[in-house]
Every structure is written in structure tokens, then in C-alpha cells.
Amino acid sequence: MKLIIMGPPGVGKGTQSHGIVQDTGVVHISTGDILRMAIRSGSELGLSIQDVMNAGDLIPDDLMMEVMKERLSHDDVQEGYLLDGFPRTPAQAMSFVKILDEIGQSVDRVLVMRAPADEIVRRLAGRITCRACNEVMNLVGFGRVTPTFCPFCGNDKDEERGKDALYQRADDTEATIRHRLEVFRKKTLPAAWILEERYPLFEIDGLGTTAEVAQRIKSVL
Ligand code: AMP
């Protein structure tokens, strides 16, 4: 099964992706995770994209296509994948459709998650991530105090750098979140409509509990 999940930042793509991966066994490919990993590793790619990413802007399409072509050449994707965060612009969507056409492949479902902007700002302003397992959680669940260890994997420090186990993303400030929402509306939604011309696309209401949203997704998969 080949799936794409799209939606504004903070709508719950990452959380729902974990559930989809568990249910279907496809490989989760998050371009945001790949790029953050590149920044952490201090690689040439990481250094070149750090400022753009922290400002909430998109990295250039040609660079993103190189990253994706490399990732999709690995053996683990042959049985299927869930793309989370790609394609994000009309140019990426068109290039991706072309690549799939050339190798005679298709996408089974495109899921577009939606939620109102104010709800997204509320969610993201409290979002924290584990440096070890990448699990995402919200400070609201911990009385707004950052826990000293990750409740998912038990990690209590960043092994390599001695930093806190959990961190707030540099692009999760209110101004940057609002900018990323604008980028989503202007660039990523038009990319979704390009995909819709070729593949079955479903809009998913992202409001409600994780289980409620997961149920909506299950019903269209
Ligand atoms: P995400 O974790 O999906 O919210 O992505 C975080 C950031 O990574 C975005 O704000 C962009 O700076 C960058 N990024 C992720 N995927 C893409 C993509 N397909 N095209 C361009 N930039 C991307």
C-alpha cells in the first residue's frame, strides 16, 4: 500500500502516521524527520537547510527531490510506504507523479487532514519531542512542566550532547507556526489538488481525540 498523509503542521499527521504504520505495516517516511536528522548530524545537507527550516520556510524543491529519490531507492519501501510531509509544493507533486508514472506505480490513498488555525497554534505551542525516539507529546498532558525523561522510551538525556531528553522544536514558536500555516495554505494545498487529479484523496477532520481521528482514517483506508 502506498499512502500520502498531508495537512498543516500540528494537525496530528505524525501521531496518526504511527497508528497507520502499526495497522498496515508500511514504512513511515517523514521528510521533516529526515531533515532534522541531517541537521543534528551536522552534515553538509543539514548545515545548508538549518536556517530555512527554523524560519518555517520550505527547503528548495530540487534538493527535496534528491532527498526523496535517495530515500525511495531503499529496499524497505518496496512493500509500501506512508509519505508524511512530502510532496509539499505543486512542483514536488508534479515531479513525484511523473516518477511514479515512469515506473508504473500509483498511490492508493492521499489523506488530507484539516483543523482550524487557532487549534493548531494551541497544540503546537506546547509540543515537545523526545530526542531519542522522536515521539511527540504535549506539555498540557504534564501540567505544562517539561518531564525530565521520555514516558515512551525512558530516555533521560541526549547521549551525544548531554542535552535534555525532550525538546521544543525551533520552528514551534507562535509567529513561525502562523507562517508555516500560511505556507501550507499557499503551497501544500495546491499540491494536494494536483494529487487529487490522479489518486483517491480523502479529507480527514483532525479535530477530536487521537482515537476518533484514527477511526476516520481507518474508514477510508
Ligand atoms: P515537518 O516536520 O513535516 O513539519 O517539517 C518541518 C520542516 O521541514 C518544514 O517546515 C520544512 O522546512 C522542511 N520540510 C519538510 N518536508 C519538506 C518538503 N517536502 N519540502 C520542503 N521542505 C520540507
# chains A, B, ... in the order shown; residues from 1 in each chain; ligands from 1

$ select_by_dssp --residues "segment 72-202 of chain A" --states "strand (DSSP E)" --output "list in words"
Tyr81, Leu82, Leu83, Asp84, Arg109, Val110, Leu111, Val112, Met113, Arg114, Arg127, Ile128, Thr129, Cys130, Val136, Met137, Asn138, Leu166, Tyr167, Leu201 and Phe202 of chain A

$ closest_atom_pairs --of "chain A" --to "ligand 1" --cutoff "10 Å" --atoms "only C-alpha atoms and all ligand atoms" --output "CSV"
residue,atom,partner,partner_atom_place_in_ligand_line,distance
A:Met6,CA,ligand 1,3 (O),9.0
A:Gly7,CA,ligand 1,3 (O),9.1
A:Pro8,CA,ligand 1,4 (O),8.0
A:Pro9,CA,ligand 1,4 (O),5.2
A:Gly10,CA,ligand 1,4 (O),7.6
A:Val11,CA,ligand 1,4 (O),9.9
A:Lys13,CA,ligand 1,3 (O),8.4
A:Gly14,CA,ligand 1,2 (O),8.3
A:Ser30,CA,ligand 1,3 (O),6.6
A:Thr31,CA,ligand 1,16 (N),4.5
A:Gly32,CA,ligand 1,2 (O),3.5
A:Asp33,CA,ligand 1,2 (O),5.9
A:Ile34,CA,ligand 1,15 (C),8.2
A:Leu35,CA,ligand 1,8 (O),6.2
A:Arg36,CA,ligand 1,8 (O),7.3
A:Ile49,CA,ligand 1,12 (O),7.8
A:Gln50,CA,ligand 1,12 (O),8.4
A:Asp51,CA,ligand 1,12 (O),8.9
A:Val52,CA,ligand 1,12 (O),6.1
A:Met53,CA,ligand 1,12 (O),3.7
A:Asn54,CA,ligand 1,12 (O),6.9
A:Ala55,CA,ligand 1,12 (O),7.5
A:Gly56,CA,ligand 1,10 (O),4.5
A:Asp57,CA,ligand 1,12 (O),4.8
A:Leu58,CA,ligand 1,22 (N),3.7
A:Ile59,CA,ligand 1,22 (N),4.1
A:Pro60,CA,ligand 1,21 (C),6.1
A:Asp61,CA,ligand 1,20 (N),6.2
A:Asp62,CA,ligand 1,20 (N),9.3
A:Leu63,CA,ligand 1,21 (C),8.4
A:Met64,CA,ligand 1,20 (N),5.6
A:Met65,CA,ligand 1,19 (N),8.2
A:Val67,CA,ligand 1,19 (N),9.3
A:Met68,CA,ligand 1,19 (N),8.5
A:Leu83,CA,ligand 1,19 (N),9.5
A:Asp84,CA,ligand 1,3 (O),6.7
A:Gly85,CA,ligand 1,3 (O),4.4
A:Phe86,CA,ligand 1,19 (N),4.0
A:Pro87,CA,ligand 1,19 (N),4.9
A:Arg88,CA,ligand 1,19 (N),4.6
A:Thr89,CA,ligand 1,20 (N),6.9
A:Ala91,CA,ligand 1,20 (N),9.9
A:Gln92,CA,ligand 1,19 (N),7.3
A:Ala93,CA,ligand 1,19 (N),9.3
A:Arg169,CA,ligand 1,6 (C),9.3
A:Ala170,CA,ligand 1,6 (C),9.9
A:Asp171,CA,ligand 1,10 (O),7.3
A:Asp172,CA,ligand 1,4 (O),9.3
A:Thr176,CA,ligand 1,10 (O),9.1
A:Ile177,CA,ligand 1,10 (O),9.0
A:His179,CA,ligand 1,10 (O),9.4
A:Arg180,CA,ligand 1,10 (O),6.4
A:Leu181,CA,ligand 1,10 (O),9.5
A:Val183,CA,ligand 1,10 (O),8.6
A:Phe184,CA,ligand 1,10 (O),9.2
A:Lys187,CA,ligand 1,20 (N),9.9
A:Thr188,CA,ligand 1,19 (N),9.0

$ select_by_dssp --residues "segment 4-214 of chain A" --states "alpha helix (DSSP H)" --output "PyMOL selection string"
chain A and resi 13-24+31-41+44-54+61-72+90-102+117-125+174-183+189-196+210-214

$ atom_distance --atom1 "atom CA of Ile99 of chain A" --atom2 "atom CA of Val21 of chain A"
23.7 Å

$ residues_around --residues "Ala211 of chain A" --least-positions-apart "2" --cutoff "12 Å" --atoms "only C-alpha atoms" --output "JSON, numbers by chain"
{"A": [12, 15, 16, 19, 20, 206, 207, 208, 209, 213, 214, 215, 216, 217, 218]}

$ write_last_selection --atoms "N, CA, C and O atoms" --output "PDB file, in the first residue's frame"
ATOM      1  N   GLY A  12      -1.686  16.646  13.527  1.00  0.00           N
ATOM      2  CA  GLY A  12      -1.664  15.271  14.050  1.00  0.00           C
ATOM      3  C   GLY A  12      -1.181  14.244  13.042  1.00  0.00           C
ATOM      4  O   GLY A  12      -1.387  13.050  13.228  1.00  0.00           O
ATOM      5  N   THR A  15       1.319  11.680  14.721  1.00  0.00           N
ATOM      6  CA  THR A  15       0.623  10.765  15.637  1.00  0.00           C
ATOM      7  C   THR A  15      -0.190   9.742  14.852  1.00  0.00           C
ATOM      8  O   THR A  15      -0.121   8.540  15.110  1.00  0.00           O
ATOM      9  N   GLN A  16      -0.952  10.227  13.884  1.00  0.00           N
ATOM     10  CA  GLN A  16      -1.787   9.299  13.109  1.00  0.00           C
ATOM     11  C   GLN A  16      -0.920   8.380  12.242  1.00  0.00           C
ATOM     12  O   GLN A  16      -1.286   7.227  12.007  1.00  0.00           O
ATOM     13  N   GLY A  19      -0.060   5.204  14.051  1.00  0.00           N
ATOM     14  CA  GLY A  19      -1.179   4.246  14.067  1.00  0.00           C
ATOM     15  C   GLY A  19      -1.328   3.540  12.727  1.00  0.00           C
ATOM     16  O   GLY A  19      -1.528   2.322  12.669  1.00  0.00           O
ATOM     17  N   ILE A  20      -1.192   4.293  11.643  1.00  0.00           N
ATOM     18  CA  ILE A  20      -1.348   3.703  10.302  1.00  0.00           C
ATOM     19  C   ILE A  20      -0.247   2.667  10.061  1.00  0.00           C
ATOM     20  O   ILE A  20      -0.496   1.585   9.540  1.00  0.00           O
ATOM     21  N   GLY A 206      -9.401  16.674  11.519  1.00  0.00           N
ATOM     22  CA  GLY A 206      -8.351  16.412  12.515  1.00  0.00           C
ATOM     23  C   GLY A 206      -8.746  16.788  13.929  1.00  0.00           C
ATOM     24  O   GLY A 206      -7.927  16.689  14.844  1.00  0.00           O
ATOM     25  N   LEU A 207      -9.982  17.238  14.136  1.00  0.00           N
ATOM     26  CA  LEU A 207     -10.423  17.592  15.490  1.00  0.00           C
ATOM     27  C   LEU A 207     -10.928  16.357  16.220  1.00  0.00           C
ATOM     28  O   LEU A 207     -11.463  15.443  15.606  1.00  0.00           O
ATOM     29  N   GLY A 208     -10.758  16.365  17.546  1.00  0.00           N
ATOM     30  CA  GLY A 208     -11.234  15.232  18.354  1.00  0.00           C
ATOM     31  C   GLY A 208     -10.058  14.483  18.940  1.00  0.00           C
ATOM     32  O   GLY A 208      -8.907  14.899  18.810  1.00  0.00           O
ATOM     33  N   THR A 209     -10.359  13.353  19.590  1.00  0.00           N
ATOM     34  CA  THR A 209      -9.278  12.581  20.216  1.00  0.00           C
ATOM     35  C   THR A 209      -8.487  11.833  19.142  1.00  0.00           C
ATOM     36  O   THR A 209      -8.948  11.674  18.007  1.00  0.00           O
ATOM     37  N   VAL A 213      -9.936  10.406  15.458  1.00  0.00           N
ATOM     38  CA  VAL A 213      -9.350  10.729  14.148  1.00  0.00           C
ATOM     39  C   VAL A 213      -8.860   9.431  13.481  1.00  0.00           C
ATOM     40  O   VAL A 213      -9.054   9.227  12.284  1.00  0.00           O
ATOM     41  N   ALA A 214      -8.262   8.531  14.298  1.00  0.00           N
ATOM     42  CA  ALA A 214      -7.753   7.260  13.758  1.00  0.00           C
ATOM     43  C   ALA A 214      -8.907   6.463  13.128  1.00  0.00           C
ATOM     44  O   ALA A 214      -8.731   5.826  12.081  1.00  0.00           O
ATOM     45  N   GLN A 215     -10.069   6.518  13.761  1.00  0.00           N
ATOM     46  CA  GLN A 215     -11.228   5.796  13.244  1.00  0.00           C
ATOM     47  C   GLN A 215     -11.649   6.353  11.883  1.00  0.00           C
ATOM     48  O   GLN A 215     -11.976   5.603  10.961  1.00  0.00           O
ATOM     49  N   ARG A 216     -11.608   7.689  11.771  1.00  0.00           N
ATOM     50  CA  ARG A 216     -11.969   8.307  10.478  1.00  0.00           C
ATOM     51  C   ARG A 216     -10.996   7.845   9.395  1.00  0.00           C
ATOM     52  O   ARG A 216     -11.386   7.578   8.258  1.00  0.00           O
ATOM     53  N   ILE A 217      -9.720   7.757   9.760  1.00  0.00           N
ATOM     54  CA  ILE A 217      -8.720   7.342   8.772  1.00  0.00           C
ATOM     55  C   ILE A 217      -8.929   5.875   8.382  1.00  0.00           C
ATOM     56  O   ILE A 217      -8.912   5.525   7.201  1.00  0.00           O
ATOM     57  N   LYS A 218      -9.190   5.043   9.416  1.00  0.00           N
ATOM     58  CA  LYS A 218      -9.404   3.610   9.150  1.00  0.00           C
ATOM     59  C   LYS A 218     -10.551   3.416   8.162  1.00  0.00           C
ATOM     60  O   LYS A 218     -10.498   2.549   7.295  1.00  0.00           O
TER      61      LYS A 218
END

$ closest_residue --among "A:Ala132, A:Ala115, A:Ile5, A:Val121" --to "Met37 of chain A" --atoms "only C-alpha atoms"
A:Ala132
